[in-house]
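What follows is a single structure, written as structure tokens, with notes after it.
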Number of protein chains: 2
Amino acid sequence: MRFDAMTDRKTAAIIGGGVIGGGWAARFLLAGWNVQIHDPDPQAERKINAVLANARRSLPGLANEALPTEGTLSFHGSIASAARDAALIIEAVPERLAVKYSVYAEIEAANKTALIASSTSGIMPTDLQANMTSPERLIVAHPFNPVYLLPLVELVAGEKTDPKNIERAKQIFTTLGMHPLHCRVEIEGFLSDRLQEALWREALWLLKDGVATTEELDAAIAYGPGLRWAQMGTMQTFHLAGGEGGMRAMLAMFGPCLKWPWTKLMDVPELTDEFVETVGAQCDQQSAPLSPRDLEQIRDANLVAILRALKAQNWGAGQTLAAHDQHLRADDTPDFSAPLRTMSRAVPLDWTDYNGHMNEARYLEAFSKATDRFMELVGCDQAYIAGGFSYFTAETHIRHLDETCAGERIYMDSLCLSGSGKKLHIFNSLYREDGHLLATGEQILIHVSLKSRKATLPSETIARNLARIEKLHAQLPRPEGVGRAIGQALSRK
Amino acid sequence: MRFDAMTDRKTAAIIGGGVIGGGWAARFLLAGWNVQIHDPDPQAERKINAVLANARRSLPGLANEALPTEGTLSFHGSIASAARDAALIIEAVPERLAVKYSVYAEIEAANKTALIASSTSGIMPTDLQANMTSPERLIVAHPFNPVYLLPLVELVAGEKTDPKNIERAKQIFTTLGMHPLHCRVEIEGFLSDRLQEALWREALWLLKDGVATTEELDAAIAYGPGLRWAQMGTMQTFHLAGGEGGMRAMLAMFGPCLKWPWTKLMDVPELTDEFVETVGAQCDQQSAPLSPRDLEQIRDANLVAILRALKAQNWGAGQTLAAHDQHLRADDTPDFSAPLRTMSRAVPLDWTDYNGHMNEARYLEAFSKATDRFMELVGCDQAYIAGGFSYFTAETHIRHLDETCAGERIYMDSLCLSGSGKKLHIFNSLYREDGHLLATGEQILIHVSLKSRKATLPSETIARNLARIEKLHAQLPRPEGVGRAIGQALSRK
């Protein structure tokens, strides 16, 4: 048994290499486990390698620390060969009891000690373990696609499960970076899928009845409720729908709606005073010591961070924000005889750090965006970059002169110090709305070919624009701090 | 009518100043509209000002451009006084038809032309407009809490609504930065609440039956399905659960589960071949030209961005990641006689930019994190900072020497150039796994009191540690590039 030998590599067996089995394989391998897979599908190896490629691209960077060295992946022609020697055996075969029973029989014959975890989305472990010779080893460990990224795994014991195996599973999945949720009461669909399945069945009705398309149903989630659900579940979200009164006020306000046909699910528990008090008290306890007002600020900070993350990906609600930015952007014909106004905005909530002010890295983000805007104004825009050329930053010198906080309005003025040949030299000054200087960011960029990744001359249009701006800006006063070596500014203080 | 006079400010009236009405007020005001509110609650003004304070903190920074100057907020003693002169009138009163009818009568008497938009969560506009003299003006515009941050607004016409008013509403809400979703078929609960309400009623049953607590139900969403729903709805998410076969394969796999009691919603549409083909074709069309494999990569990039955004907030699934970082962190007793290994990680997906490599601002993020780790190693840790002291960065000099991409392993070595008095001078070198130098980041930090925000001497422990490291590091070779002025490095090339 390799599991308890902490000096050795642990081994997981995975029976069934579909979307879920492949995801499990990736999560275990990248956490340093060896993985032994069995799947009768001749395409399994190719499909799992595709999942693994996605996981290698996305999972390691999730962590702020290096992951262990990857384990070894092997494909096995039989369940017995895959299961032998493993500390943990994952069953991820189709949702058919007969298939699962036969898989368990083969596993039990080959391996007498490993924990056996079914990935079933909703079959009760008591039903799964009905025919087993060692039913105490079986648990449900229900993950979510993509298994290598989403932390949730629901753990469920059957009537014959040894409760120690739930604890053992909690430990294992925690070391994989997951969030084990012990579903204490055994029920079909467990917790997550009961909620998802109700929504899914309602969605199928709306499609069947021609009320909406799949795209419209998805928009009804991803631009609204889904953004909340990424950071708080339904109960805490509705706790905040009641304002200062929390969940109790929400139930008083929306309780009567439960009798209305707002879904096909018309069988609804009665909102007795006792039940309202139970739910209200649980919401209070779940959030303690935070009041609904405190939670609102946390929710807002989370939503801003999520929305801005999606804007950087130009997807979903983030696309809405990006389109709004275009709408807000002043339709300016820039005056090249003055420093260029390359930014005007408020400091976002997610730019703040543990010191309560805008984090230093966000200053460079601001300088970088301002320089992007400068490039755009001289002709190095999206179309130009799509054509295979861009500017890469070679060097930056930042002086932090004062602090700024979330919500404060800031703007940037950019001066072109030189722009001939392959080099572009810019001096950015970041100001508070009232003209107070917050920081300077001097940058040297090099024009490159995105194909060769080597320095090359810019287009004639850009060269001409830069020559013109360089000449005009040469007549402006040089800002204090230009060309300074690091430490010079401070030693004068 | 101020709406059409684009040179003038537009005015919105809001009848009902609760959580939703207050949220609307914030969204309109910050978009530059004047807002006239009526709410009989004597606490309304105080409550709305609390919502406004939250909105001012969070909304302006969502955009990458400056918002217009805020409009003017006024409170009115009557519906007539608030509604008069407005281009758009929002009704956000309790979900009782009698109350809504009486509000509409007062609105219609005071304002003959404004668009009237109900915020109802599920009552059909045909029922709302039943007693109106100008029913063509009424639409449903159903927003989501917090209204000032979430983009979704569902637009629904009643039988007597003038269709032009849906188009007019789409325009208005788009200029507010929202995503209007026209629910083409009128149905109780519209689209979003039908889906949410099915989930909510299922959750109430699980609470009523004692299967789970509110906290467990929320974990079952926020650590798994909720993260997916923030960027793709249920249909596109399940389109990816079918692997290469998409939604059709998913329905073949999980179709039989619809007959099982995985939710209280047991009335389920029959999966005829025709219906499966309709849903499958809609999913293909919705995602075209992207294949399920393409979408997987987009989903993963979104999930990484969302999860890392939540990690920075130390909330929900982000807390799981932070705890896992602690678990992964090498339990090192640092060797101060060598440069300190202050980072070892993979480049995250969300650090990549339009040039296909790690964005320049992320280099400073890496240097900043490395410097944080250095500070921690010398005693300026979380507890010390909570005690009211920290280091602020005063100056940074970055040289970008080579590119790096998502997934690549990188590490940082930090050299202490000097650490006496209030000043700390660090030279960070960022390497690729194979020892190839990617960038250098030289930083000067100043020890400060977080109360006075002024420079002050560090604790004796920190001073002693720094003196020791400074002495040890003085014996190491100086890296090339130390103390360089900007441009010097390049001019040698």
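Lettering and numbering for the structure tokens are positional, with chains as A, B, ... in the shown order, residues counted from 1 in each chain, and ligands counted from 1 in the shown order.
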
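The neighbours of Glu65 in chain A here are the residues that come within 7 Å of it, using only C-alpha atoms and leaving out any residue fewer than 3 positions away in the same chain; they are Asp325, Leu328, Arg329, Ser344 and Arg345 of chain B.
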
Could you save the residues just selected, with C-alpha atoms, as a PDB file, in the first residue's frame?
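Listed below is the output, out08.pdb:
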ATOM      1  CA  ASP B 325      -0.803  27.281  -1.239  1.00  0.00           C
ATOM      2  CA  LEU B 328       2.358  23.416  -0.899  1.00  0.00           C
ATOM      3  CA  ARG B 329       4.741  25.977   0.518  1.00  0.00           C
ATOM      4  CA  SER B 344       8.746  29.174  -7.268  1.00  0.00           C
ATOM      5  CA  ARG B 345       5.596  28.703  -9.325  1.00  0.00           C
TER       6      ARG B 345
END

Write out as a list in words which residues come within 7 Å of range 357-363 of chain B when counting only C-alpha atoms, dropping same-chain ones fewer than 3 positions away. Ala361, Leu364, Glu365 and Ser368 of chain A; Trp351, Thr352, Asp353, Ala366, Phe367, Glu403, Thr404 and Cys405 of chain B

Okay, now the selection with N, CA and C atoms, as a PDB file, in the first residue's frame?
ATOM      1  N   ALA A 361       1.835  46.716  -8.060  1.00  0.00           N
ATOM      2  CA  ALA A 361       1.776  46.092  -9.389  1.00  0.00           C
ATOM      3  C   ALA A 361       0.710  46.751 -10.255  1.00  0.00           C
ATOM      4  N   LEU A 364       1.967  49.604 -12.405  1.00  0.00           N
ATOM      5  CA  LEU A 364       2.517  49.217 -13.704  1.00  0.00           C
ATOM      6  C   LEU A 364       1.383  48.829 -14.651  1.00  0.00           C
ATOM      7  N   GLU A 365       0.298  48.237 -14.082  1.00  0.00           N
ATOM      8  CA  GLU A 365      -0.849  47.924 -14.935  1.00  0.00           C
ATOM      9  C   GLU A 365      -1.395  49.223 -15.546  1.00  0.00           C
ATOM     10  N   SER A 368       1.048  50.514 -18.102  1.00  0.00           N
ATOM     11  CA  SER A 368       1.006  49.634 -19.261  1.00  0.00           C
ATOM     12  C   SER A 368      -0.220  49.939 -20.130  1.00  0.00           C
TER      13      SER A 368
ATOM     14  N   TRP B 351      -2.179  35.613 -16.554  1.00  0.00           N
ATOM     15  CA  TRP B 351      -1.070  36.565 -16.632  1.00  0.00           C
ATOM     16  C   TRP B 351      -0.659  36.834 -18.078  1.00  0.00           C
ATOM     17  N   THR B 352      -1.348  36.176 -19.011  1.00  0.00           N
ATOM     18  CA  THR B 352      -1.000  36.297 -20.426  1.00  0.00           C
ATOM     19  C   THR B 352      -1.771  37.460 -21.057  1.00  0.00           C
ATOM     20  N   ASP B 353      -1.172  38.140 -22.039  1.00  0.00           N
ATOM     21  CA  ASP B 353      -1.870  39.263 -22.679  1.00  0.00           C
ATOM     22  C   ASP B 353      -2.001  39.066 -24.184  1.00  0.00           C
ATOM     23  N   ALA B 366       4.913  39.742  -9.853  1.00  0.00           N
ATOM     24  CA  ALA B 366       5.840  38.698  -9.399  1.00  0.00           C
ATOM     25  C   ALA B 366       6.923  39.296  -8.489  1.00  0.00           C
ATOM     26  N   PHE B 367       7.500  40.427  -8.886  1.00  0.00           N
ATOM     27  CA  PHE B 367       8.520  41.061  -8.045  1.00  0.00           C
ATOM     28  C   PHE B 367       7.918  41.470  -6.701  1.00  0.00           C
ATOM     29  N   GLU B 403      10.863  36.555 -22.800  1.00  0.00           N
ATOM     30  CA  GLU B 403       9.431  36.294 -22.623  1.00  0.00           C
ATOM     31  C   GLU B 403       9.205  35.002 -21.848  1.00  0.00           C
ATOM     32  N   THR B 404       8.002  34.876 -21.243  1.00  0.00           N
ATOM     33  CA  THR B 404       7.600  33.592 -20.652  1.00  0.00           C
ATOM     34  C   THR B 404       6.095  33.434 -20.854  1.00  0.00           C
ATOM     35  N   CYS B 405       5.627  32.183 -20.891  1.00  0.00           N
ATOM     36  CA  CYS B 405       4.242  31.900 -21.255  1.00  0.00           C
ATOM     37  C   CYS B 405       3.525  31.119 -20.157  1.00  0.00           C
TER      38      CYS B 405
END

Would you give me, as a PyMOL selection string, the residues in range 113-314 of chain A that DSSP reads as alpha helix (DSSP H)? chain A and resi 125-128+163-175+192-208+214-222+225-229+234-239+246-254+273-287+292-313

C-alpha atoms of the current selection, written as a CSV table (one decimal), in the first residue's frame:
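Result written to out_25.csv:
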chain,number,residue,atom,x,y,z
A,125,PRO,CA,-23.9,4.7,-2.0
A,126,THR,CA,-26.1,2.3,-0.1
A,127,ASP,CA,-27.4,1.1,-3.5
A,128,LEU,CA,-23.9,1.0,-5.0
A,163,PRO,CA,-17.2,6.4,8.7
A,164,LYS,CA,-13.4,6.5,8.9
A,165,ASN,CA,-13.3,6.3,5.2
A,166,ILE,CA,-15.0,9.7,4.9
A,167,GLU,CA,-12.3,11.2,7.1
A,168,ARG,CA,-9.6,9.5,5.0
A,169,ALA,CA,-11.2,10.8,1.8
A,170,LYS,CA,-11.4,14.3,3.3
A,171,GLN,CA,-7.7,14.3,3.9
A,172,ILE,CA,-6.8,13.0,0.5
A,173,PHE,CA,-9.0,15.4,-1.5
A,174,THR,CA,-7.8,18.3,0.6
A,175,THR,CA,-4.2,17.6,-0.3
A,192,SER,CA,-25.3,19.9,-5.5
A,193,ASP,CA,-27.1,17.9,-8.1
A,194,ARG,CA,-30.4,18.2,-6.4
A,195,LEU,CA,-30.1,22.0,-6.9
A,196,GLN,CA,-28.5,21.8,-10.4
A,197,GLU,CA,-31.0,19.2,-11.5
A,198,ALA,CA,-34.1,21.2,-10.5
A,199,LEU,CA,-32.7,24.1,-12.5
A,200,TRP,CA,-31.8,21.8,-15.4
A,201,ARG,CA,-35.3,20.2,-15.6
A,202,GLU,CA,-36.9,23.7,-15.5
A,203,ALA,CA,-34.6,24.7,-18.4
A,204,LEU,CA,-35.6,21.7,-20.4
A,205,TRP,CA,-39.3,22.7,-20.0
A,206,LEU,CA,-38.5,26.2,-21.2
A,207,LEU,CA,-36.8,24.7,-24.3
A,208,LYS,CA,-39.6,22.1,-24.9
A,214,THR,CA,-30.4,27.6,-25.1
A,215,GLU,CA,-28.5,30.9,-25.6
A,216,GLU,CA,-31.2,33.0,-23.9
A,217,LEU,CA,-31.4,30.6,-21.0
A,218,ASP,CA,-27.6,30.8,-20.5
A,219,ALA,CA,-27.7,34.6,-20.7
A,220,ALA,CA,-30.3,34.5,-18.0
A,221,ILE,CA,-27.7,32.9,-15.7
A,222,ALA,CA,-24.3,34.1,-16.8
A,225,PRO,CA,-27.4,35.1,-10.9
A,226,GLY,CA,-24.4,33.0,-12.0
A,227,LEU,CA,-22.0,35.8,-11.0
A,228,ARG,CA,-23.4,35.8,-7.5
A,229,TRP,CA,-23.3,32.0,-7.3
A,234,THR,CA,-28.5,30.9,-2.9
A,235,MET,CA,-29.1,31.2,0.8
A,236,GLN,CA,-26.5,33.8,1.6
A,237,THR,CA,-27.4,35.6,-1.7
A,238,PHE,CA,-31.0,35.8,-0.6
A,239,HIS,CA,-29.9,36.7,2.9
A,246,GLY,CA,-31.6,39.5,6.2
A,247,MET,CA,-33.2,36.1,5.3
A,248,ARG,CA,-36.2,36.7,7.6
A,249,ALA,CA,-37.1,39.9,5.8
A,250,MET,CA,-36.5,38.2,2.4
A,251,LEU,CA,-38.9,35.3,3.3
A,252,ALA,CA,-41.5,37.8,4.5
A,253,MET,CA,-41.2,39.7,1.3
A,254,PHE,CA,-41.0,36.8,-1.2
A,273,ASP,CA,-43.0,30.5,11.7
A,274,GLU,CA,-40.8,27.7,13.0
A,275,PHE,CA,-39.3,26.9,9.5
A,276,VAL,CA,-38.7,30.6,8.8
A,277,GLU,CA,-36.9,30.9,12.2
A,278,THR,CA,-34.8,27.8,11.4
A,279,VAL,CA,-33.7,29.2,8.0
A,280,GLY,CA,-33.1,32.7,9.4
A,281,ALA,CA,-31.0,31.5,12.3
A,282,GLN,CA,-28.9,29.2,10.1
A,283,CYS,CA,-28.2,32.2,7.7
A,284,ASP,CA,-27.2,34.3,10.7
A,285,GLN,CA,-25.0,31.6,12.1
A,286,GLN,CA,-23.4,30.9,8.7
A,287,SER,CA,-22.4,34.5,8.2
A,292,PRO,CA,-25.8,41.7,5.9
A,293,ARG,CA,-24.2,45.2,5.5
A,294,ASP,CA,-20.7,43.7,6.0
A,295,LEU,CA,-21.5,40.9,3.6
A,296,GLU,CA,-22.7,43.4,1.0
A,297,GLN,CA,-19.3,44.9,0.8
A,298,ILE,CA,-17.6,41.5,0.6
A,299,ARG,CA,-20.0,40.5,-2.1
A,300,ASP,CA,-19.4,43.7,-4.1
A,301,ALA,CA,-15.6,43.3,-3.9
A,302,ASN,CA,-16.0,39.7,-5.1
A,303,LEU,CA,-18.3,40.7,-7.9
A,304,VAL,CA,-16.0,43.5,-9.1
A,305,ALA,CA,-13.0,41.1,-9.0
A,306,ILE,CA,-15.0,38.4,-11.0
A,307,LEU,CA,-16.4,40.9,-13.5
A,308,ARG,CA,-13.0,42.4,-14.1
A,309,ALA,CA,-11.4,39.0,-14.5
A,310,LEU,CA,-14.0,38.2,-17.1
A,311,LYS,CA,-13.4,41.5,-18.8
A,312,ALA,CA,-9.8,40.6,-19.2
A,313,GLN,CA,-11.0,37.3,-20.9

Taking 5 positions as the minimum chain separation for residues in the same chain, which residues sit within 8 Å of Ala117 in chain A when counting only C-alpha atoms? Answer as a VMD selection string. chain A and resid 88 to 91 138 to 141

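The space between CA of Val153 in chain B and CA of Gln43 in chain B spans 26.9 Å.
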
Considering only C-alpha atoms, return as a short mmCIF file (atom, residue, chain, number, x, y, z; two decimals) with N, CA and C atoms, in the first residue's frame whatever protein or nucleic-acid residues lie within 12 Å of Ile410 in chain B, sequence-local ones (same chain, fewer than 4 positions apart) excluded.
data_model
loop_
_atom_site.label_atom_id
_atom_site.label_comp_id
_atom_site.auth_asym_id
_atom_site.auth_seq_id
_atom_site.Cartn_x
_atom_site.Cartn_y
_atom_site.Cartn_z
N PRO A 60 -1.49 24.29 -12.96
CA PRO A 60 -0.31 24.64 -12.15
C PRO A 60 -0.27 26.12 -11.77
N GLY A 61 -0.71 27.01 -12.66
CA GLY A 61 -0.67 28.44 -12.37
C GLY A 61 -1.74 28.91 -11.41
N ASN A 64 -0.01 29.60 -6.07
CA ASN A 64 1.09 30.55 -5.99
C ASN A 64 2.41 29.88 -5.62
N GLU A 65 2.37 28.57 -5.53
CA GLU A 65 3.58 27.79 -5.21
C GLU A 65 3.75 26.73 -6.29
N ALA A 66 4.95 26.19 -6.38
CA ALA A 66 5.20 25.13 -7.36
C ALA A 66 4.48 23.86 -6.94
N LEU A 67 3.88 23.16 -7.90
CA LEU A 67 3.29 21.85 -7.62
C LEU A 67 4.40 20.81 -7.58
N ARG B 341 15.43 32.37 -2.20
CA ARG B 341 14.47 31.86 -3.18
C ARG B 341 13.08 32.32 -2.74
N THR B 342 12.60 33.42 -3.29
CA THR B 342 11.36 34.04 -2.82
C THR B 342 10.14 33.69 -3.66
N MET B 343 10.31 32.89 -4.68
CA MET B 343 9.16 32.46 -5.48
C MET B 343 9.54 31.23 -6.28
N SER B 344 8.57 30.35 -6.43
CA SER B 344 8.75 29.17 -7.27
C SER B 344 7.33 28.76 -7.66
N ARG B 345 6.98 28.90 -8.92
CA ARG B 345 5.60 28.70 -9.32
C ARG B 345 5.50 28.52 -10.84
N ALA B 346 4.29 28.28 -11.33
CA ALA B 346 4.03 28.26 -12.77
C ALA B 346 3.34 29.56 -13.15
N VAL B 347 3.56 30.03 -14.37
CA VAL B 347 2.91 31.26 -14.85
C VAL B 347 1.41 31.00 -15.04
N PRO B 348 0.54 31.75 -14.35
CA PRO B 348 -0.91 31.52 -14.48
C PRO B 348 -1.45 31.95 -15.85
N MET B 358 3.52 36.59 -20.93
CA MET B 358 3.21 37.17 -19.63
C MET B 358 3.25 38.69 -19.75
N TYR B 363 4.95 41.05 -14.33
CA TYR B 363 6.33 40.96 -13.84
C TYR B 363 6.44 41.72 -12.51
N ALA B 366 4.91 39.74 -9.85
CA ALA B 366 5.84 38.70 -9.40
C ALA B 366 6.92 39.30 -8.49
N PHE B 367 7.50 40.43 -8.89
CA PHE B 367 8.52 41.06 -8.04
C PHE B 367 7.92 41.47 -6.70
N ALA B 370 7.44 38.51 -4.53
CA ALA B 370 8.74 38.03 -4.06
C ALA B 370 9.24 38.92 -2.92
N GLU B 403 10.86 36.56 -22.80
CA GLU B 403 9.43 36.29 -22.62
C GLU B 403 9.20 35.00 -21.85
N THR B 404 8.00 34.88 -21.24
CA THR B 404 7.60 33.59 -20.65
C THR B 404 6.10 33.43 -20.85
N CYS B 405 5.63 32.18 -20.89
CA CYS B 405 4.24 31.90 -21.26
C CYS B 405 3.52 31.12 -20.16
N ALA B 406 2.19 31.10 -20.26
CA ALA B 406 1.36 30.39 -19.27
C ALA B 406 1.82 28.95 -19.12
N SER B 429 15.73 38.70 -9.18
CA SER B 429 16.02 38.13 -10.50
C SER B 429 15.02 37.01 -10.77
N LEU B 430 14.33 37.13 -11.89
CA LEU B 430 13.31 36.14 -12.26
C LEU B 430 13.88 35.19 -13.32
N TYR B 431 13.84 33.91 -13.01
CA TYR B 431 14.42 32.91 -13.91
C TYR B 431 13.35 31.93 -14.39
N ARG B 432 13.59 31.39 -15.59
CA ARG B 432 12.83 30.24 -16.04
C ARG B 432 13.41 29.03 -15.31
N GLU B 433 12.61 27.96 -15.23
CA GLU B 433 13.00 26.74 -14.53
C GLU B 433 14.44 26.29 -14.84
N ASP B 434 14.85 26.49 -16.12
CA ASP B 434 16.17 26.01 -16.54
C ASP B 434 17.30 26.97 -16.21
N GLY B 435 17.00 28.05 -15.45
CA GLY B 435 18.05 28.97 -15.03
C GLY B 435 18.25 30.14 -15.98
N HIS B 436 17.45 30.22 -17.05
CA HIS B 436 17.55 31.33 -18.00
C HIS B 436 16.93 32.59 -17.36
N LEU B 437 17.68 33.71 -17.37
CA LEU B 437 17.20 34.94 -16.73
C LEU B 437 16.14 35.61 -17.60
N LEU B 438 14.96 35.89 -17.01
CA LEU B 438 13.84 36.48 -17.74
C LEU B 438 13.72 37.98 -17.50
N ALA B 439 14.03 38.41 -16.29
CA ALA B 439 13.85 39.82 -15.95
C ALA B 439 14.52 40.11 -14.62
#

Name all residues at most 10 Å from range 419-425 of chain B (count only C-alpha atoms; drop same-chain ones fewer than 5 positions away) and give them as JSON, numbers by chain. {"A": [487, 490], "B": [375, 391, 392, 393, 394, 395, 396, 442, 443, 444, 445, 446, 447, 448, 455, 456, 457, 458, 462, 463, 464, 465, 466, 467, 468, 469, 470, 471]}

Please produce an output containing C-alpha atoms for each residue in the selection, written as a JSON list (two decimals), in the first residue's frame.
[["chain", "number", "residue", "atom", "x", "y", "z"],
["A", 487, "GLY", "CA", 17.71, 55.47, -5.76],
["A", 490, "LEU", "CA", 15.21, 59.11, -2.74],
["B", 375, "MET", "CA", 9.73, 40.85, 4.07],
["B", 391, "TYR", "CA", 7.10, 48.52, 3.95],
["B", 392, "PHE", "CA", 5.88, 50.64, 1.03],
["B", 393, "THR", "CA", 7.63, 50.46, -2.34],
["B", 394, "ALA", "CA", 9.11, 53.81, -3.31],
["B", 395, "GLU", "CA", 10.82, 52.91, -6.56],
["B", 396, "THR", "CA", 11.17, 50.05, -9.02],
["B", 442, "GLU", "CA", 15.29, 46.34, -8.42],
["B", 443, "GLN", "CA", 13.16, 47.84, -5.64],
["B", 444, "ILE", "CA", 13.59, 50.41, -2.92],
["B", 445, "LEU", "CA", 11.12, 50.21, -0.04],
["B", 446, "ILE", "CA", 10.55, 52.46, 2.94],
["B", 447, "HIS", "CA", 9.41, 51.24, 6.34],
["B", 448, "VAL", "CA", 6.24, 53.13, 7.33],
["B", 455, "ALA", "CA", 8.56, 56.72, 7.25],
["B", 456, "THR", "CA", 9.64, 55.20, 10.55],
["B", 457, "LEU", "CA", 12.27, 52.74, 11.81],
["B", 458, "PRO", "CA", 11.44, 49.01, 11.72],
["B", 462, "ILE", "CA", 13.68, 43.22, 11.53],
["B", 463, "ALA", "CA", 16.64, 45.61, 11.80],
["B", 464, "ARG", "CA", 18.83, 42.81, 13.20],
["B", 465, "ASN", "CA", 17.75, 40.34, 10.52],
["B", 466, "LEU", "CA", 18.33, 42.85, 7.74],
["B", 467, "ALA", "CA", 21.76, 43.82, 9.07],
["B", 468, "ARG", "CA", 22.74, 40.16, 9.07],
["B", 469, "ILE", "CA", 21.45, 39.52, 5.53],
["B", 470, "GLU", "CA", 22.96, 42.72, 4.16],
["B", 471, "LYS", "CA", 26.35, 41.62, 5.48]]

Which of range 70-173 of chain A fall in strand (DSSP E or B), as a PyMOL selection string: chain A and resi 73-76+88-91+115-118+138-143+152-157

Prev. selection, N, CA and C atoms, output as a JSON list (two decimals), in the first residue's frame:
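Below is the file that was written, part-v1.json:
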[["chain", "number", "residue", "atom", "x", "y", "z"],
["A", 73, "LEU", "N", 1.63, 8.32, -15.64],
["A", 73, "LEU", "CA", 0.33, 7.85, -16.13],
["A", 73, "LEU", "C", 0.52, 6.54, -16.87],
["A", 74, "SER", "N", -0.32, 5.55, -16.54],
["A", 74, "SER", "CA", -0.25, 4.30, -17.31],
["A", 74, "SER", "C", -1.66, 3.83, -17.66],
["A", 75, "PHE", "N", -1.78, 3.20, -18.82],
["A", 75, "PHE", "CA", -3.06, 2.67, -19.29],
["A", 75, "PHE", "C", -3.05, 1.15, -19.15],
["A", 76, "HIS", "N", -4.15, 0.61, -18.67],
["A", 76, "HIS", "CA", -4.19, -0.82, -18.35],
["A", 76, "HIS", "C", -5.34, -1.49, -19.09],
["A", 88, "LEU", "N", -6.12, 4.31, -3.77],
["A", 88, "LEU", "CA", -7.47, 4.86, -3.97],
["A", 88, "LEU", "C", -7.92, 4.47, -5.36],
["A", 89, "ILE", "N", -9.14, 3.97, -5.44],
["A", 89, "ILE", "CA", -9.67, 3.57, -6.75],
["A", 89, "ILE", "C", -10.92, 4.40, -7.05],
["A", 90, "ILE", "N", -10.86, 5.15, -8.15],
["A", 90, "ILE", "CA", -11.98, 6.00, -8.57],
["A", 90, "ILE", "C", -12.78, 5.26, -9.62],
["A", 91, "GLU", "N", -14.08, 5.14, -9.39],
["A", 91, "GLU", "CA", -14.96, 4.56, -10.41],
["A", 91, "GLU", "C", -15.69, 5.70, -11.10],
["A", 115, "LEU", "N", -9.36, 2.35, -0.77],
["A", 115, "LEU", "CA", -10.62, 3.09, -0.70],
["A", 115, "LEU", "C", -11.21, 3.11, -2.11],
["A", 116, "ILE", "N", -12.52, 2.86, -2.21],
["A", 116, "ILE", "CA", -13.18, 2.85, -3.51],
["A", 116, "ILE", "C", -14.17, 4.01, -3.55],
["A", 117, "ALA", "N", -13.97, 4.90, -4.51],
["A", 117, "ALA", "CA", -14.78, 6.12, -4.56],
["A", 117, "ALA", "C", -15.53, 6.20, -5.88],
["A", 118, "SER", "N", -16.85, 6.25, -5.81],
["A", 118, "SER", "CA", -17.64, 6.38, -7.03],
["A", 118, "SER", "C", -17.86, 7.86, -7.36],
["A", 138, "LEU", "N", -16.51, 1.50, 0.29],
["A", 138, "LEU", "CA", -17.09, 2.34, -0.76],
["A", 138, "LEU", "C", -17.66, 3.66, -0.23],
["A", 139, "ILE", "N", -17.28, 4.72, -0.89],
["A", 139, "ILE", "CA", -17.90, 6.03, -0.66],
["A", 139, "ILE", "C", -18.27, 6.63, -2.02],
["A", 140, "VAL", "N", -19.10, 7.67, -1.99],
["A", 140, "VAL", "CA", -19.27, 8.50, -3.17],
["A", 140, "VAL", "C", -18.35, 9.70, -3.02],
["A", 141, "ALA", "N", -17.60, 10.01, -4.08],
["A", 141, "ALA", "CA", -16.80, 11.24, -4.14],
["A", 141, "ALA", "C", -17.16, 11.88, -5.47],
["A", 142, "HIS", "N", -18.12, 12.78, -5.41],
["A", 142, "HIS", "CA", -18.73, 13.35, -6.62],
["A", 142, "HIS", "C", -18.06, 14.69, -6.98],
["A", 143, "PRO", "N", -17.30, 14.72, -8.09],
["A", 143, "PRO", "CA", -16.60, 15.94, -8.49],
["A", 143, "PRO", "C", -17.37, 16.69, -9.58],
["A", 152, "LEU", "N", -14.85, 21.66, -5.66],
["A", 152, "LEU", "CA", -15.86, 20.90, -4.92],
["A", 152, "LEU", "C", -15.79, 19.40, -5.18],
["A", 153, "VAL", "N", -15.87, 18.61, -4.11],
["A", 153, "VAL", "CA", -16.12, 17.17, -4.21],
["A", 153, "VAL", "C", -17.07, 16.79, -3.07],
["A", 154, "GLU", "N", -18.23, 16.22, -3.44],
["A", 154, "GLU", "CA", -19.20, 15.81, -2.42],
["A", 154, "GLU", "C", -18.86, 14.40, -1.95],
["A", 155, "LEU", "N", -18.78, 14.22, -0.65],
["A", 155, "LEU", "CA", -18.49, 12.91, -0.06],
["A", 155, "LEU", "C", -19.76, 12.39, 0.61],
["A", 156, "VAL", "N", -20.13, 11.15, 0.26],
["A", 156, "VAL", "CA", -21.34, 10.55, 0.83],
["A", 156, "VAL", "C", -21.05, 9.12, 1.25],
["A", 157, "ALA", "N", -21.48, 8.79, 2.46],
["A", 157, "ALA", "CA", -21.33, 7.42, 2.96],
["A", 157, "ALA", "C", -22.63, 6.66, 2.75]]

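Rounded to one decimal, CA of Asn34 in chain A and CA of Asp85 in chain A lie 10.8 Å from each other.
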